[in-house]
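Read the structure below first, then the notes.
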Amino acid sequence: MRKVALTAAAVAAVAALALSGCSSRAGDTTTSTEGASSGFAADSVIGVALPSKTSENWVLAGGLFEDGLKEAGYKGDVQYAAASGTVADQQGQIQSMVTKGAKVIIIGAADGSQLSTQVEAAHDAGAVVIAYDRLILNTEAVDYYVAYDNFKVGELQGQALLDGMKAAKPEGPYNIELFSGSSDDANSAVFFDGAMSILQPAIDDGTVVVGSGQTDIKQTATAGWKAENAQSRMDSLITSTYSTQTLDGVLSPNDTLARAIITSVKAAGKPIPVVTGQDSEVESVKSIIAGEQYSTINKDTRALVAQAITMVDELQAGGPATTNDDESYDNGVKVVPAFLLDPVIVTKANAAEAYANDPKLSPLTK
Ligand code: BGC
């Protein structure tokens, strides 16, 4: 096992390599010996440390963890990092979960590279650490990872962008712009690499042109996943590159940013390009049905929270937690055993079907 500290981007690149070299990654479920313990009391404290509410999935996750852990008989301690000063806030919350004797600490990292001290303290106190949705980097003290397959999310976004542009205009070349997420989130590079694995061949053969030339993830990043940052970058791109030429598509890593990009384009009086997204946020599902945003990804938060609680139950019973991918997510010092769920692409064409079992989203598709 390599003991080098990698940057988030490097870790993501490693993860992407592992993914591309491995077609059976989400195959059979296996059990790992990582994090095995002799079990713990059925009414133990279970900590859940979530980042700030940068998208609807985080808002939903908090309520679902509260209810689900209570229903399963645990004492759930669910905390969000404040909107500002998120890292210090989350570090303090994890520390306090350790003090309360939490047996499992589930963490949606505010900054995946800033938690090693806290998760190591959790480990020393005997808690199992589960990274939720976002990987925790550069520490041995993360036992499991539970998430939707992030690389696949990116691949689906890249493919949707190509499909949407072809449907709107059968022949290229197509002018696009690329947006990525916050660089302190380990997911951002994985989403981007997944999307670029699909888009790069089209860029190389000239079918797709990144009008601004900004293809480096450092140029495309959106600090803090904040809508206003995506909107102002889109404003600048329109001014610099699209005063005369047409913008056909925008790779947006999530729904919040997709709507900000659309707002910018509309304000400039330009036609709305094909814009991707992720999270199935209510406003974006409405926008897709209205024919504005092109696509989103369904990563049903209910299923992800349920899987995390299943892992807690398995640990409570004394067993290791079930994983289905023990090779893709290298956090810089170890490959973290993961349970990956399958993301689903959603466009106007399949929205009704995709949200059929979701009482909140399904009425929006009627
Ligand atoms: C999550 C996305 C979310 C983004 C911003 C990512 O880590 O995987 O679902 O849109 O954070 O909150």
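Ordering of the structure tokens sets the chain letters (A, B, ...); residue numbers start at 1 within each chain; ligands are numbered from 1 in the order shown.
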
Would you name the residues within 9 Å of ligand 1, counting only C-alpha atoms and all ligand atoms, and put them as a short mmCIF file (atom, residue, chain, number, x, y, z; two decimals) with C-alpha atoms, in the first residue's frame?
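The new file out-v2.cif reads:
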data_model
loop_
_atom_site.label_atom_id
_atom_site.label_comp_id
_atom_site.auth_asym_id
_atom_site.auth_seq_id
_atom_site.Cartn_x
_atom_site.Cartn_y
_atom_site.Cartn_z
CA PRO A 51 -21.60 19.33 5.19
CA SER A 52 -23.49 22.58 4.75
CA LYS A 53 -26.69 22.43 2.70
CA THR A 54 -25.12 23.19 -0.71
CA SER A 55 -27.74 21.07 -2.46
CA GLU A 56 -31.10 19.49 -1.74
CA ASN A 57 -29.66 15.99 -1.27
CA TRP A 58 -27.96 17.12 1.94
CA GLY A 108 -20.44 13.65 4.44
CA ALA A 109 -17.21 15.62 4.38
CA ALA A 110 -17.22 19.40 4.11
CA ASP A 133 -21.27 10.37 -0.54
CA ARG A 134 -17.84 12.07 -0.40
CA LEU A 135 -14.58 10.22 0.24
CA ALA A 147 -22.01 6.53 -2.35
CA TYR A 148 -23.52 6.54 -5.78
CA ASN A 150 -19.38 9.01 -8.94
CA GLY A 181 -17.65 21.22 -8.60
CA SER A 182 -15.77 22.54 -5.60
CA ASP A 185 -14.88 17.88 -2.55
CA ALA A 186 -13.16 14.67 -3.67
CA ASN A 187 -16.19 13.90 -5.85
CA SER A 188 -15.64 16.89 -8.10
CA PHE A 191 -17.42 13.53 -11.81
CA GLY A 224 -18.02 25.93 -2.53
CA TRP A 225 -20.46 24.52 -5.12
CA LYS A 226 -21.98 28.01 -4.98
CA PRO A 253 -21.91 18.92 -12.42
CA ASN A 254 -25.14 19.46 -10.48
CA ASP A 255 -28.60 20.98 -10.55
CA THR A 256 -27.90 24.04 -8.41
CA LEU A 257 -25.15 25.08 -10.81
CA GLY A 277 -27.16 18.40 -13.89
CA GLN A 278 -27.28 16.04 -10.94
CA ASP A 279 -29.41 15.45 -7.81
CA ILE A 297 -29.17 12.39 -12.32
CA LYS A 299 -29.32 9.55 -6.90
#

Neighbour list for A:Gly63 as number ranges by chain, cut-off 10 Å, only C-alpha atoms, skip fewer than 5 positions in-chain
A: 58, 68, 78, 305

Now that the selection is made, can you save its residues with C-alpha atoms as an mmCIF file, in the first residue's frame?
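Saved the output as out_8.cif:
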data_model
loop_
_atom_site.group_PDB
_atom_site.id
_atom_site.type_symbol
_atom_site.label_atom_id
_atom_site.label_comp_id
_atom_site.auth_asym_id
_atom_site.auth_seq_id
_atom_site.Cartn_x
_atom_site.Cartn_y
_atom_site.Cartn_z
ATOM 1 C CA TRP A 58 -27.959 17.122 1.945
ATOM 2 C CA GLY A 68 -34.135 6.092 10.072
ATOM 3 C CA VAL A 78 -27.157 14.401 13.189
ATOM 4 C CA VAL A 305 -29.280 6.738 3.636
#

Check: If you run DSSP on this backbone, which residues of stretch 102-206 of chain A come out as strand (DSSP E or B), and could you give them as a PyMOL selection string?
Finding: chain A and resi 104-107+128-132+144-148+174-178

One residue among A:Gln245, A:Thr276, A:Gln231, A:Gln316 is nearest to A:Asp163 when using only C-alpha atoms, and that residue is A:Thr276

All alpha helix (DSSP H) positions in stretch 22-204 of chain A, as a ChimeraX atom specification:
/A:56-71,86-99,116-124,150-168,186-204

In terms of only C-alpha atoms, the residue from A:Ala189, A:Val209, A:Leu237, A:Ala308 at minimal distance from A:Ile107 is A:Ala308

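The environment of A:Thr117 within 9 Å, counting only C-alpha atoms and disregarding residues fewer than 3 places along the same chain, consists of Gln91, Gln114, Glu120, Ala121, Ala122 and Thr139 of chain A.
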
- Message: Show me, as a ChimeraX atom specification, the residues that have an atom within 8 Å of stretch 339-343 of chain A when counting only C-alpha atoms, minus same-chain residues fewer than 2 positions from it.
- Response: /A:26,144-149,152-153,297-299,304,322-325,337,345

Let's have the selection written as an mmCIF file, in the first residue's frame, with N, CA, C and O atoms.
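Output contents, as saved in selection11.cif:
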data_model
loop_
_atom_site.group_PDB
_atom_site.id
_atom_site.type_symbol
_atom_site.label_atom_id
_atom_site.label_comp_id
_atom_site.auth_asym_id
_atom_site.auth_seq_id
_atom_site.Cartn_x
_atom_site.Cartn_y
_atom_site.Cartn_z
ATOM 1 N N ALA A 26 -18.800 -2.911 -9.934
ATOM 2 C CA ALA A 26 -19.972 -2.916 -9.073
ATOM 3 C C ALA A 26 -20.640 -4.282 -9.147
ATOM 4 O O ALA A 26 -21.844 -4.423 -9.226
ATOM 5 N N TYR A 144 -15.161 2.581 5.641
ATOM 6 C CA TYR A 144 -16.059 2.278 4.525
ATOM 7 C C TYR A 144 -16.430 3.552 3.790
ATOM 8 O O TYR A 144 -16.372 4.652 4.351
ATOM 9 N N TYR A 145 -16.888 3.340 2.568
ATOM 10 C CA TYR A 145 -17.406 4.443 1.758
ATOM 11 C C TYR A 145 -18.750 3.993 1.199
ATOM 12 O O TYR A 145 -18.860 2.877 0.682
ATOM 13 N N VAL A 146 -19.773 4.818 1.343
ATOM 14 C CA VAL A 146 -21.072 4.498 0.738
ATOM 15 C C VAL A 146 -21.488 5.687 -0.130
ATOM 16 O O VAL A 146 -21.501 6.829 0.334
ATOM 17 N N ALA A 147 -21.763 5.426 -1.407
ATOM 18 C CA ALA A 147 -22.013 6.533 -2.346
ATOM 19 C C ALA A 147 -22.641 5.987 -3.619
ATOM 20 O O ALA A 147 -22.593 4.787 -3.887
ATOM 21 N N TYR A 148 -23.207 6.881 -4.400
ATOM 22 C CA TYR A 148 -23.520 6.543 -5.781
ATOM 23 C C TYR A 148 -22.198 6.534 -6.548
ATOM 24 O O TYR A 148 -21.268 7.250 -6.174
ATOM 25 N N ASP A 149 -22.129 5.712 -7.579
ATOM 26 C CA ASP A 149 -20.912 5.569 -8.370
ATOM 27 C C ASP A 149 -20.596 6.908 -9.067
ATOM 28 O O ASP A 149 -21.227 7.267 -10.066
ATOM 29 N N LYS A 152 -19.440 7.017 -12.742
ATOM 30 C CA LYS A 152 -20.568 6.758 -13.647
ATOM 31 C C LYS A 152 -21.465 7.992 -13.766
ATOM 32 O O LYS A 152 -21.986 8.280 -14.844
ATOM 33 N N VAL A 153 -21.632 8.736 -12.662
ATOM 34 C CA VAL A 153 -22.400 9.992 -12.732
ATOM 35 C C VAL A 153 -21.802 10.875 -13.827
ATOM 36 O O VAL A 153 -22.508 11.397 -14.690
ATOM 37 N N ILE A 297 -29.478 13.764 -12.703
ATOM 38 C CA ILE A 297 -29.172 12.386 -12.323
ATOM 39 C C ILE A 297 -30.053 12.058 -11.130
ATOM 40 O O ILE A 297 -30.183 12.883 -10.216
ATOM 41 N N ASN A 298 -30.636 10.887 -11.137
ATOM 42 C CA ASN A 298 -31.376 10.454 -9.956
ATOM 43 C C ASN A 298 -30.442 9.651 -9.067
ATOM 44 O O ASN A 298 -29.992 8.570 -9.443
ATOM 45 N N LYS A 299 -30.099 10.248 -7.923
ATOM 46 C CA LYS A 299 -29.318 9.546 -6.897
ATOM 47 C C LYS A 299 -30.232 9.569 -5.666
ATOM 48 O O LYS A 299 -30.070 10.419 -4.801
ATOM 49 N N LEU A 304 -29.633 5.836 -0.455
ATOM 50 C CA LEU A 304 -28.257 5.977 0.057
ATOM 51 C C LEU A 304 -28.245 5.993 1.586
ATOM 52 O O LEU A 304 -27.408 5.341 2.220
ATOM 53 N N THR A 322 -21.295 -4.953 4.515
ATOM 54 C CA THR A 322 -21.213 -5.458 3.138
ATOM 55 C C THR A 322 -20.735 -4.355 2.195
ATOM 56 O O THR A 322 -21.184 -3.214 2.290
ATOM 57 N N THR A 323 -19.813 -4.718 1.295
ATOM 58 C CA THR A 323 -19.363 -3.766 0.279
ATOM 59 C C THR A 323 -19.475 -4.436 -1.090
ATOM 60 O O THR A 323 -19.598 -5.663 -1.166
ATOM 61 N N ASN A 324 -19.473 -3.668 -2.156
ATOM 62 C CA ASN A 324 -19.525 -4.276 -3.493
ATOM 63 C C ASN A 324 -18.418 -3.749 -4.413
ATOM 64 O O ASN A 324 -18.415 -4.025 -5.597
ATOM 65 N N ASP A 325 -17.497 -2.962 -3.862
ATOM 66 C CA ASP A 325 -16.390 -2.455 -4.661
ATOM 67 C C ASP A 325 -15.211 -2.187 -3.731
ATOM 68 O O ASP A 325 -15.233 -1.235 -2.952
ATOM 69 N N PRO A 337 -12.951 0.234 1.153
ATOM 70 C CA PRO A 337 -14.028 -0.649 0.684
ATOM 71 C C PRO A 337 -15.332 0.124 0.573
ATOM 72 O O PRO A 337 -15.704 0.863 1.491
ATOM 73 N N ILE A 345 -29.626 8.379 -15.227
ATOM 74 C CA ILE A 345 -29.779 9.638 -15.970
ATOM 75 C C ILE A 345 -31.273 9.910 -16.182
ATOM 76 O O ILE A 345 -32.040 8.988 -16.448
#

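Using only C-alpha atoms, the residues found no farther than 10 Å from A:Leu64, other than those of its own chain fewer than 3 positions away, are Trp58, Val59, Leu60, Ala61, Asp67, Gly68, Leu69, Lys70, Thr301, Arg302, Ala303, Leu304, Val305 and Ala306 of chain A.
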
Next, write the just-selected residues to a file, as a JSON list (two decimals), in the first residue's frame, keeping N, CA and C atoms as the atom set.
[["chain", "number", "residue", "atom", "x", "y", "z"],
["A", 58, "TRP", "N", -28.45, 17.04, 0.56],
["A", 58, "TRP", "CA", -27.96, 17.12, 1.94],
["A", 58, "TRP", "C", -29.10, 17.46, 2.90],
["A", 59, "VAL", "N", -30.01, 18.30, 2.45],
["A", 59, "VAL", "CA", -31.17, 18.65, 3.28],
["A", 59, "VAL", "C", -32.00, 17.39, 3.53],
["A", 60, "LEU", "N", -32.23, 16.62, 2.47],
["A", 60, "LEU", "CA", -33.01, 15.39, 2.60],
["A", 60, "LEU", "C", -32.30, 14.39, 3.50],
["A", 61, "ALA", "N", -30.99, 14.26, 3.34],
["A", 61, "ALA", "CA", -30.24, 13.23, 4.08],
["A", 61, "ALA", "C", -30.39, 13.42, 5.59],
["A", 67, "ASP", "N", -34.79, 10.17, 11.17],
["A", 67, "ASP", "CA", -35.91, 9.23, 11.26],
["A", 67, "ASP", "C", -35.45, 7.78, 11.22],
["A", 68, "GLY", "N", -34.56, 7.48, 10.28],
["A", 68, "GLY", "CA", -34.14, 6.09, 10.07],
["A", 68, "GLY", "C", -33.37, 5.53, 11.26],
["A", 69, "LEU", "N", -32.49, 6.34, 11.84],
["A", 69, "LEU", "CA", -31.70, 5.85, 12.98],
["A", 69, "LEU", "C", -32.60, 5.66, 14.20],
["A", 70, "LYS", "N", -33.55, 6.58, 14.37],
["A", 70, "LYS", "CA", -34.49, 6.48, 15.49],
["A", 70, "LYS", "C", -35.33, 5.21, 15.36],
["A", 301, "THR", "N", -31.76, 9.83, -2.52],
["A", 301, "THR", "CA", -31.14, 9.97, -1.19],
["A", 301, "THR", "C", -31.71, 8.94, -0.21],
["A", 302, "ARG", "N", -32.97, 8.57, -0.42],
["A", 302, "ARG", "CA", -33.58, 7.58, 0.48],
["A", 302, "ARG", "C", -32.80, 6.27, 0.44],
["A", 303, "ALA", "N", -32.39, 5.86, -0.76],
["A", 303, "ALA", "CA", -31.66, 4.58, -0.89],
["A", 303, "ALA", "C", -30.26, 4.67, -0.30],
["A", 304, "LEU", "N", -29.63, 5.84, -0.45],
["A", 304, "LEU", "CA", -28.26, 5.98, 0.06],
["A", 304, "LEU", "C", -28.25, 5.99, 1.59],
["A", 305, "VAL", "N", -29.19, 6.71, 2.17],
["A", 305, "VAL", "CA", -29.28, 6.74, 3.64],
["A", 305, "VAL", "C", -29.64, 5.34, 4.15],
["A", 306, "ALA", "N", -30.56, 4.67, 3.48],
["A", 306, "ALA", "CA", -30.95, 3.31, 3.91],
["A", 306, "ALA", "C", -29.74, 2.38, 3.86]]
